[in-house]
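Below: target04.cif (mmCIF, C-alpha atoms)
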data_work
#
loop_
_atom_site.label_atom_id
_atom_site.label_comp_id
_atom_site.auth_asym_id
_atom_site.auth_seq_id
_atom_site.Cartn_x
_atom_site.Cartn_y
_atom_site.Cartn_z
CA MET X 1 0.00 0.00 0.00
CA THR X 2 1.19 3.50 -0.74
CA ALA X 3 1.80 5.75 2.27
CA THR X 4 -0.03 8.70 0.81
CA THR X 5 -3.69 9.63 0.64
CA ILE X 6 -5.71 8.57 -2.37
CA THR X 7 -8.92 10.34 -3.42
CA GLU X 8 -11.72 9.18 -5.68
CA MET X 9 -14.66 11.15 -7.04
CA ALA X 10 -18.20 9.79 -6.55
CA PRO X 11 -20.12 11.60 -9.29
CA ALA X 12 -23.83 12.21 -8.92
CA LYS X 13 -25.97 9.91 -11.07
CA VAL X 14 -28.94 11.20 -13.05
CA ASN X 15 -31.59 9.06 -14.74
CA LEU X 16 -32.44 11.00 -17.90
CA TYR X 17 -35.46 8.74 -18.24
CA LEU X 18 -36.76 5.76 -16.29
CA ARG X 19 -39.27 3.25 -17.63
CA ILE X 20 -40.85 0.38 -15.68
CA CYS X 21 -40.95 -2.81 -17.76
CA GLY X 22 -42.58 -5.26 -15.35
CA ARG X 23 -41.91 -6.93 -12.02
CA ARG X 24 -40.20 -10.16 -11.06
CA ASP X 25 -41.63 -12.69 -8.62
CA ASP X 26 -39.05 -11.62 -6.02
CA GLY X 27 -40.39 -8.07 -6.01
CA TYR X 28 -37.69 -6.40 -8.05
CA HIS X 29 -38.97 -4.19 -10.86
CA LEU X 30 -37.58 -4.47 -14.37
CA LEU X 31 -36.27 -1.13 -15.56
CA ASP X 32 -35.05 0.69 -18.63
CA SER X 33 -33.08 3.87 -17.99
CA ALA X 34 -30.47 6.10 -19.58
CA VAL X 35 -28.02 7.20 -16.91
CA ILE X 36 -25.48 10.01 -16.98
CA PHE X 37 -22.97 11.21 -14.41
CA THR X 38 -21.97 14.75 -13.53
CA ALA X 39 -18.85 16.65 -12.61
CA PHE X 40 -20.47 17.27 -9.21
CA GLY X 41 -20.48 14.65 -6.48
CA ASP X 42 -19.05 13.31 -3.25
CA GLN X 43 -15.40 12.47 -2.66
CA ILE X 44 -13.77 9.50 -0.94
CA SER X 45 -10.28 9.76 0.60
CA LEU X 46 -8.23 6.85 1.98
CA THR X 47 -5.26 7.27 4.33
CA PRO X 48 -3.12 4.65 6.13
CA ALA X 49 -4.17 4.15 9.76
CA THR X 50 -3.79 1.79 12.69
CA THR X 51 -7.52 0.90 12.69
CA ASP X 52 -10.34 1.32 10.19
CA SER X 53 -12.38 4.49 10.64
CA LEU X 54 -14.94 6.55 8.75
CA THR X 55 -15.24 10.32 9.03
CA ILE X 56 -18.04 12.10 7.20
CA THR X 57 -17.64 15.77 6.29
CA GLY X 58 -19.36 18.11 3.84
CA ALA X 59 -22.70 19.81 3.40
CA PHE X 60 -24.78 16.72 4.21
CA ALA X 61 -22.50 15.13 6.81
CA SER X 62 -25.00 15.62 9.63
CA THR X 63 -27.50 13.35 7.87
CA LEU X 64 -25.07 10.43 7.86
CA ASN X 65 -22.96 10.90 10.97
CA ASP X 66 -24.97 8.27 12.84
CA GLU X 67 -22.76 5.20 12.37
CA HIS X 68 -25.85 3.16 11.48
CA ALA X 69 -27.19 5.59 8.90
CA VAL X 70 -27.50 4.26 5.38
CA ASP X 71 -27.59 6.44 2.28
CA SER X 72 -29.51 3.94 0.19
CA ASP X 73 -30.37 5.44 -3.17
CA ALA X 74 -30.96 2.49 -5.45
CA SER X 75 -33.20 2.43 -8.51
CA ASN X 76 -35.21 -0.56 -7.35
CA SER X 77 -37.63 -1.52 -4.65
CA ASN X 78 -36.01 -4.32 -2.65
CA PRO X 79 -33.13 -3.78 -0.23
CA THR X 80 -30.03 -5.88 -0.72
CA PRO X 81 -30.42 -8.92 1.59
CA ASN X 82 -28.02 -10.21 4.22
CA LEU X 83 -26.05 -7.00 4.65
CA PRO X 84 -25.58 -5.19 7.98
CA THR X 85 -27.19 -1.79 8.39
CA GLN X 86 -24.27 0.60 8.10
CA ASN X 87 -22.86 3.16 5.72
CA LEU X 88 -22.24 1.73 2.26
CA CYS X 89 -18.58 2.75 2.36
CA MET X 90 -17.98 0.42 5.31
CA ARG X 91 -20.03 -2.30 3.62
CA ALA X 92 -17.82 -1.93 0.57
CA LEU X 93 -14.65 -2.27 2.67
CA THR X 94 -15.94 -5.43 4.36
CA ALA X 95 -17.11 -6.95 1.06
CA PHE X 96 -13.78 -6.09 -0.62
CA ARG X 97 -11.81 -7.94 2.03
CA ASP X 98 -14.24 -10.86 2.03
CA ALA X 99 -13.68 -11.20 -1.73
CA GLY X 100 -9.91 -11.53 -1.30
CA GLY X 101 -8.76 -7.93 -1.44
CA ASN X 102 -5.84 -7.35 0.90
CA ILE X 103 -5.71 -3.88 2.39
CA ALA X 104 -4.26 -2.69 5.70
CA PRO X 105 -6.32 -0.55 8.10
CA ILE X 106 -7.40 2.74 6.57
CA ALA X 107 -8.95 6.03 7.62
CA ILE X 108 -11.82 6.84 5.27
CA THR X 109 -13.08 10.38 4.76
CA LEU X 110 -16.37 10.84 2.92
CA ASP X 111 -16.97 14.40 1.77
CA LYS X 112 -20.78 14.33 1.47
CA GLN X 113 -22.05 16.93 -1.02
CA ILE X 114 -24.90 14.98 -2.68
CA PRO X 115 -28.20 15.27 -0.77
CA VAL X 116 -29.20 12.05 0.99
CA GLY X 117 -32.18 10.06 -0.30
CA ALA X 118 -32.32 12.34 -3.31
CA GLY X 119 -32.50 10.07 -6.35
CA LEU X 120 -28.97 11.07 -7.38
CA GLY X 121 -27.31 7.78 -6.51
CA GLY X 122 -25.45 9.21 -3.53
CA GLY X 123 -24.96 6.06 -1.47
CA SER X 124 -24.37 3.90 -4.53
CA ALA X 125 -21.90 6.42 -5.96
CA ASP X 126 -20.02 6.45 -2.65
CA ALA X 127 -19.84 2.65 -2.51
CA ALA X 128 -18.62 2.49 -6.11
CA ALA X 129 -15.98 5.17 -5.54
CA MET X 130 -14.89 3.30 -2.43
CA LEU X 131 -14.41 0.10 -4.45
CA ARG X 132 -12.39 1.91 -7.13
CA ALA X 133 -10.21 3.54 -4.46
CA LEU X 134 -9.72 0.29 -2.54
CA ASN X 135 -8.63 -1.61 -5.63
CA ALA X 136 -6.16 1.11 -6.56
CA TYR X 137 -4.81 1.27 -2.98
CA ALA X 138 -4.78 -2.41 -2.00
CA ASP X 139 -1.66 -4.51 -1.45
CA LYS X 140 -3.61 -7.24 -3.23
CA PRO X 141 -6.34 -5.90 -5.56
CA VAL X 142 -9.15 -8.02 -6.98
CA THR X 143 -9.99 -8.60 -10.62
CA ALA X 144 -12.36 -6.32 -12.50
CA THR X 145 -14.89 -9.17 -12.61
CA THR X 146 -14.71 -9.63 -8.85
CA LEU X 147 -15.06 -5.88 -8.29
CA GLU X 148 -18.22 -5.85 -10.41
CA ALA X 149 -19.60 -8.81 -8.45
CA ILE X 150 -18.99 -6.98 -5.18
CA ALA X 151 -20.75 -3.91 -6.59
CA ALA X 152 -23.79 -5.96 -7.59
CA ARG X 153 -24.07 -7.39 -4.07
CA LEU X 154 -23.93 -3.94 -2.50
CA GLY X 155 -26.93 -2.58 -4.40
CA ALA X 156 -28.78 -2.37 -7.69
CA ASP X 157 -27.22 0.97 -8.70
CA VAL X 158 -23.65 0.29 -7.58
CA PRO X 159 -22.50 -1.52 -10.76
CA ALA X 160 -23.57 1.44 -12.90
CA CYS X 161 -21.88 3.88 -10.52
CA LEU X 162 -18.74 1.74 -10.63
CA ARG X 163 -18.46 2.52 -14.35
CA ALA X 164 -19.45 6.18 -13.87
CA HIS X 165 -19.99 7.00 -17.53
CA THR X 166 -23.07 7.38 -19.72
CA LEU X 167 -24.88 4.07 -19.99
CA ARG X 168 -28.18 2.28 -20.31
CA MET X 169 -29.51 0.14 -17.46
CA THR X 170 -32.02 -2.63 -18.06
CA GLY X 171 -33.18 -5.70 -16.16
CA ILE X 172 -33.19 -4.81 -12.45
CA GLY X 173 -30.33 -2.45 -13.15
CA ASP X 174 -27.85 -5.28 -13.55
CA GLN X 175 -27.74 -5.25 -17.35
CA ILE X 176 -25.51 -2.36 -18.37
CA THR X 177 -24.48 -1.22 -21.83
CA ALA X 178 -22.40 1.78 -22.82
CA LEU X 179 -24.31 4.67 -24.37
CA THR X 180 -23.08 7.62 -26.39
CA LEU X 181 -25.26 10.71 -26.32
CA ALA X 182 -25.98 12.06 -29.77
CA ASP X 183 -24.83 15.66 -30.15
CA ASP X 184 -23.58 15.64 -26.60
CA LYS X 185 -21.62 18.83 -27.15
CA ILE X 186 -23.32 22.18 -27.52
CA SER X 187 -22.03 25.59 -28.53
CA ASP X 188 -21.71 28.02 -25.63
CA ALA X 189 -22.74 31.44 -26.88
CA ASP X 190 -20.30 33.08 -24.47
CA ASN X 191 -17.17 31.68 -26.06
CA ALA X 192 -18.35 29.91 -29.23
CA ALA X 193 -16.50 26.79 -28.08
CA ALA X 194 -17.74 23.26 -27.73
CA MET X 195 -18.81 22.75 -24.13
CA PRO X 196 -20.18 19.82 -22.13
CA VAL X 197 -23.95 19.66 -21.71
CA SER X 198 -24.92 21.91 -18.79
CA ILE X 199 -27.24 20.41 -16.20
CA LEU X 200 -28.79 21.92 -13.09
CA LEU X 201 -29.52 19.60 -10.17
CA ALA X 202 -32.18 20.72 -7.69
CA ASN X 203 -33.78 19.20 -4.63
CA PRO X 204 -36.47 20.43 -2.19
CA LEU X 205 -34.46 18.76 0.61
CA ILE X 206 -37.33 16.42 1.42
CA PRO X 207 -35.94 12.87 1.62
CA LEU X 208 -37.88 10.34 -0.42
CA ALA X 209 -37.07 6.66 0.03
CA THR X 210 -36.91 4.55 -3.12
CA LYS X 211 -38.76 1.77 -1.30
CA ASP X 212 -41.68 4.10 -0.51
CA VAL X 213 -42.04 5.16 -4.13
CA PHE X 214 -42.12 1.58 -5.40
CA THR X 215 -44.49 0.53 -2.60
CA HIS X 216 -47.02 3.17 -3.68
CA LEU X 217 -46.51 2.64 -7.42
CA ASP X 218 -49.92 1.95 -8.95
CA ASN X 219 -49.05 1.56 -12.62
CA ASN X 220 -47.25 -0.99 -14.75
CA GLY X 221 -45.11 1.58 -16.53
CA HIS X 222 -44.65 2.25 -20.23
CA GLY X 223 -42.16 -0.51 -20.99
CA SER X 224 -38.90 -0.28 -22.91
CA ALA X 225 -37.98 2.96 -24.65
CA GLY X 226 -36.75 1.01 -27.70
CA ASP X 227 -33.87 2.25 -29.81
CA ILE X 228 -32.28 5.29 -28.15
CA SER X 229 -28.91 5.19 -29.90
CA GLN X 230 -29.51 8.35 -31.95
CA LEU X 231 -30.97 10.51 -29.16
CA ALA X 232 -29.37 13.50 -27.46
CA ALA X 233 -29.79 14.17 -23.74
CA PRO X 234 -32.91 16.40 -24.04
CA ALA X 235 -34.69 13.82 -26.22
CA LEU X 236 -33.84 11.09 -23.72
CA ALA X 237 -35.24 13.19 -20.87
CA ARG X 238 -38.50 13.64 -22.79
CA ILE X 239 -39.09 9.87 -22.71
CA GLY X 240 -40.22 10.43 -19.12
CA ASN X 241 -40.01 8.89 -15.68
CA ASP X 242 -42.63 6.29 -14.75
CA LEU X 243 -42.02 6.98 -11.05
CA ALA X 244 -42.70 10.71 -11.26
CA ASP X 245 -46.47 10.69 -10.66
CA THR X 246 -46.10 8.49 -7.58
CA ALA X 247 -43.21 10.56 -6.22
CA ILE X 248 -45.20 13.77 -6.70
CA ARG X 249 -48.13 12.30 -4.75
CA LEU X 250 -45.74 11.58 -1.87
CA VAL X 251 -43.84 14.88 -2.16
CA PRO X 252 -45.98 17.52 -3.96
CA GLU X 253 -43.07 19.96 -3.81
CA ILE X 254 -41.51 18.02 -6.70
CA ALA X 255 -44.18 19.34 -9.07
CA SER X 256 -43.55 22.91 -7.93
CA LEU X 257 -39.83 22.46 -8.42
CA LEU X 258 -40.31 21.10 -11.95
CA ARG X 259 -42.46 24.11 -12.86
CA LEU X 260 -39.84 26.49 -11.48
CA LEU X 261 -37.08 24.80 -13.47
CA GLN X 262 -39.11 24.89 -16.66
CA GLN X 263 -39.60 28.65 -16.24
CA GLN X 264 -35.88 29.38 -16.27
CA ARG X 265 -34.36 31.03 -19.30
CA GLY X 266 -32.43 28.57 -21.46
CA CYS X 267 -34.05 25.47 -19.97
CA GLN X 268 -34.53 22.81 -22.65
CA ILE X 269 -36.24 20.20 -20.47
CA ALA X 270 -36.82 19.58 -16.76
CA ALA X 271 -37.54 16.17 -15.24
CA MET X 272 -37.24 14.11 -12.06
CA SER X 273 -34.25 11.82 -11.58
CA GLY X 274 -34.65 8.24 -10.38
CA SER X 275 -37.18 7.89 -7.58
CA GLY X 276 -36.84 11.57 -6.62
CA ALA X 277 -37.03 13.93 -5.00
CA SER X 278 -34.20 15.50 -7.01
CA CYS X 279 -34.99 17.05 -10.36
CA PHE X 280 -32.74 18.25 -13.15
CA ALA X 281 -32.85 20.66 -16.04
CA LEU X 282 -30.73 20.73 -19.20
CA PHE X 283 -29.68 24.19 -20.38
CA ASP X 284 -28.60 25.81 -23.63
CA THR X 285 -25.51 27.35 -22.03
CA ALA X 286 -23.46 27.15 -18.87
CA THR X 287 -24.24 30.81 -18.22
CA ALA X 288 -27.99 30.16 -18.24
CA CYS X 289 -27.50 27.13 -16.00
CA HIS X 290 -25.56 29.11 -13.38
CA HIS X 291 -28.09 31.94 -13.56
CA ALA X 292 -30.88 29.49 -12.83
CA GLU X 293 -28.86 28.04 -9.95
CA ALA X 294 -28.67 31.50 -8.35
CA ILE X 295 -32.42 32.03 -8.73
CA LEU X 296 -33.29 28.72 -7.12
CA ARG X 297 -30.87 29.24 -4.25
CA LYS X 298 -32.43 32.64 -3.53
CA SER X 299 -35.73 30.79 -3.30
CA GLY X 300 -34.27 28.52 -0.61
CA ILE X 301 -33.92 25.50 -2.88
CA TRP X 302 -30.78 23.38 -2.97
CA ALA X 303 -29.35 23.68 -6.48
CA LYS X 304 -26.08 22.86 -8.20
CA ALA X 305 -25.03 23.86 -11.72
CA THR X 306 -22.67 21.33 -13.27
CA HIS X 307 -22.16 19.41 -16.50
CA ILE X 308 -22.38 15.87 -17.86
CA ILE X 309 -19.09 13.96 -17.87
#

Let me see the structure of the file written as structure tokens.
Amino acid sequence: MTATTITEMAPAKVNLYLRICGRRDDGYHLLDSAVIFTAFGDQISLTPATTDSLTITGAFASTLNDEHAVDSDASNSNPTPNLPTQNLCMRALTAFRDAGGNIAPIAITLDKQIPVGAGLGGGSADAAAMLRALNAYADKPVTATTLEAIAARLGADVPACLRAHTLRMTGIGDQITALTLADDKISDADNAAAMPVSILLANPLIPLATKDVFTHLDNNGHGSAGDISQLAAPALARIGNDLADTAIRLVPEIASLLRLLQQQRGCQIAAMSGSGASCFALFDTATACHHAEAILRKSGIWAKATHII
């Protein structure tokens, strides 16, 4: 193991669309979703230590500082069985060692910037970043196949977050294929240069559990979105989210937030991500995106202007 600190980004995950395609006998729902990741997210740091420890810092540290708190933000309805109730970073460390990874005691720092229970993959992104960092830091790393198997055991969204690039999730989230966004670069009017797609993340700071949304789901969904290979991000977002109506019934503030996003200058499309309550909006320019961020923050809404990676 190296004697220095290693850091790993845990980018926020956004479901541009989410379709329900049925339900298995074990309760898991079959999904179809295009997933992107952003330049904004949490950060994991590992440092050599005499005993394992986890310190949580950042804007949303207080939500997770109970050692038994779990930031579970999966895209499906059933919890992962046979795992202790603890932060997913510690679960990842235990699972990594159980799978044959050899790593000495470490001090883990989780800089928590993604809202908890927000539909932005926070807990899953953290677990995935932890696995990437552990494998890079270990005296004896595991194979890529083993790392993916560990991710799948930790939660339905963790394998996607392990890859952390634009992809399509099907099945219960376990079937992952790479996806290239059509026209994923836009011209920024401020500098006439090709820029990444600007996206504004927003959340009413009302936690919404994935399990609750699926429990109250009263529709069978719209099924597969079909061929999406030629679609740009706004077109993918227009496919819709089959969980949105249920989430809005549970948290009506989501509907108000979507209306506010849609009213912002330069907004191409606004939609809910995952099981909510976070929403997102795609913008024509980075300038418009940051302007909208300032407006929402003045309204007391958590908002973050960023871009797709």

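For the choices X:Ile199, X:Val142, X:Val14, X:Ala104, the atom-to-atom distance to Ala49 in chain X is smallest for X:Ala104 when using only C-alpha atoms.
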
### Query
What residues come out when you apply the PyMOL selection byres ((chain X and resi 110) around 7) to this file, written as a list in words?
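Output of the PyMOL selection byres ((chain X and resi 110) around 7): Gln43, Ile44, Ser45, Thr55, Ile56, Thr57, Ile108, Thr109, Asp111 and Lys112 of chain X.
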
### Task
Using CA of Thr177 in chain X and CA of Cys267 in chain X as the two end points, give the distance in Å to one decimal.
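Between CA of Thr177 in chain X and CA of Cys267 in chain X the gap works out to 28.4 Å.
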
### Resolved residues for the PyMOL selection byres ((chain X and resi 182) around 6) as a ChimeraX atom specification
/X:181,183-184,230-232

Write to file, as a short mmCIF file (atom, residue, chain, number, x, y, z; two decimals), in the coordinates of the input, the residues of the selection just made, with C-alpha atoms.
data_model
loop_
_atom_site.label_atom_id
_atom_site.label_comp_id
_atom_site.auth_asym_id
_atom_site.auth_seq_id
_atom_site.Cartn_x
_atom_site.Cartn_y
_atom_site.Cartn_z
CA LEU X 181 -25.26 10.71 -26.32
CA ASP X 183 -24.83 15.66 -30.15
CA ASP X 184 -23.58 15.64 -26.60
CA GLN X 230 -29.51 8.35 -31.95
CA LEU X 231 -30.97 10.51 -29.16
CA ALA X 232 -29.37 13.50 -27.46
#

### Task
Find the residue from X:Ala12, X:Leu54, X:Leu205, X:Ala244 that sits nearest to Asp157 in chain X; use only C-alpha atoms when measuring.
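The answer is X:Ala12, which sits nearest to Asp157 in chain X.
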
### Task
Please write the residues picked by the PyMOL selection byres ((chain X and resi 295) around 12) on this file as number ranges by chain.
X: 200, 202, 260-261, 263-265, 288-294, 296-305

Show which residues sit within 12 Å of range 113-115 of chain X, as a CSV table (one decimal) with C-alpha atoms, in the coordinates of the input. Count all atoms listed in the file, and ignore same-chain residues fewer than 4 positions away.
chain,number,residue,atom,x,y,z
X,9,MET,CA,-14.7,11.2,-7.0
X,10,ALA,CA,-18.2,9.8,-6.6
X,11,PRO,CA,-20.1,11.6,-9.3
X,12,ALA,CA,-23.8,12.2,-8.9
X,13,LYS,CA,-26.0,9.9,-11.1
X,14,VAL,CA,-28.9,11.2,-13.0
X,38,THR,CA,-22.0,14.8,-13.5
X,39,ALA,CA,-18.8,16.6,-12.6
X,40,PHE,CA,-20.5,17.3,-9.2
X,41,GLY,CA,-20.5,14.6,-6.5
X,42,ASP,CA,-19.0,13.3,-3.2
X,43,GLN,CA,-15.4,12.5,-2.7
X,44,ILE,CA,-13.8,9.5,-0.9
X,56,ILE,CA,-18.0,12.1,7.2
X,57,THR,CA,-17.6,15.8,6.3
X,58,GLY,CA,-19.4,18.1,3.8
X,59,ALA,CA,-22.7,19.8,3.4
X,60,PHE,CA,-24.8,16.7,4.2
X,61,ALA,CA,-22.5,15.1,6.8
X,62,SER,CA,-25.0,15.6,9.6
X,63,THR,CA,-27.5,13.4,7.9
X,64,LEU,CA,-25.1,10.4,7.9
X,71,ASP,CA,-27.6,6.4,2.3
X,72,SER,CA,-29.5,3.9,0.2
X,73,ASP,CA,-30.4,5.4,-3.2
X,119,GLY,CA,-32.5,10.1,-6.4
X,120,LEU,CA,-29.0,11.1,-7.4
X,121,GLY,CA,-27.3,7.8,-6.5
X,122,GLY,CA,-25.4,9.2,-3.5
X,123,GLY,CA,-25.0,6.1,-1.5
X,124,SER,CA,-24.4,3.9,-4.5
X,125,ALA,CA,-21.9,6.4,-6.0
X,126,ASP,CA,-20.0,6.4,-2.6
X,201,LEU,CA,-29.5,19.6,-10.2
X,202,ALA,CA,-32.2,20.7,-7.7
X,203,ASN,CA,-33.8,19.2,-4.6
X,204,PRO,CA,-36.5,20.4,-2.2
X,205,LEU,CA,-34.5,18.8,0.6
X,206,ILE,CA,-37.3,16.4,1.4
X,207,PRO,CA,-35.9,12.9,1.6
X,208,LEU,CA,-37.9,10.3,-0.4
X,276,GLY,CA,-36.8,11.6,-6.6
X,277,ALA,CA,-37.0,13.9,-5.0
X,278,SER,CA,-34.2,15.5,-7.0
X,279,CYS,CA,-35.0,17.0,-10.4
X,301,ILE,CA,-33.9,25.5,-2.9
X,302,TRP,CA,-30.8,23.4,-3.0
X,303,ALA,CA,-29.4,23.7,-6.5
X,304,LYS,CA,-26.1,22.9,-8.2

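Counting all atoms listed in the file, Gln175 in chain X has the following residues at most 12 Å away, ignoring those fewer than 3 positions along the same chain: X:Leu30, X:Leu31, X:Asp32, X:Ser33, X:Ala34, X:Glu148, X:Ala152, X:Ala156, X:Asp157, X:Val158, X:Pro159, X:Ala160, X:Leu167, X:Arg168, X:Met169, X:Thr170, X:Gly171, X:Ile172, X:Ala178.
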
### Query
What is the distance between CA of Thr50 in chain X and CA of Pro105 in chain X, in Å to one decimal?
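CA of Pro105 in chain X lies 5.7 Å from CA of Thr50 in chain X.
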
### Task
Take CA of Gly155 in chain X and CA of Arg91 in chain X and report the distance between them in Å, one decimal.
10.6 Å

### Neighbour list for Ala95 in chain X as an MDAnalysis selection string, cut-off 12 Å, all atoms listed in the file, skip fewer than 5 positions in-chain
chainID X and resid 82:84 88:90 100:103 127:128 130:131 134 142 146:154

#### Entry: Close residues, Ile20 in chain X itself excluded, 12 Å, all atoms listed in the file, min 3 positions apart in chain, as a VMD selection string
chain X and resid 17 23 to 24 28 to 33 75 to 77 169 to 173 214 217 to 225 239 to 244 274 to 275

### Task
Taking the point (-39.0, 22.6, -18.7) as given in the file, collect each protein or nucleic acid residue that comes within 12 Å of it, counting all atoms listed in the file, and present the set as a PyMOL selection string.
chain X and resi 200+234+237-238+255-272+279-284

### Task
Determine the nearest neighbour of Ala286 in chain X from the options X:Val197, X:Asp26, X:His216, X:Ile106, counting all atoms listed in the file.
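Of X:Val197, X:Asp26, X:His216, X:Ile106, the one nearest Ala286 in chain X is X:Val197, counting all atoms listed in the file.
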
### Query
Which is closer to Asp139 in chain X than all the others in X:Thr306, X:Ala107, X:Pro48, X:His165, using only C-alpha atoms?
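The closest residue to Asp139 in chain X is X:Pro48.
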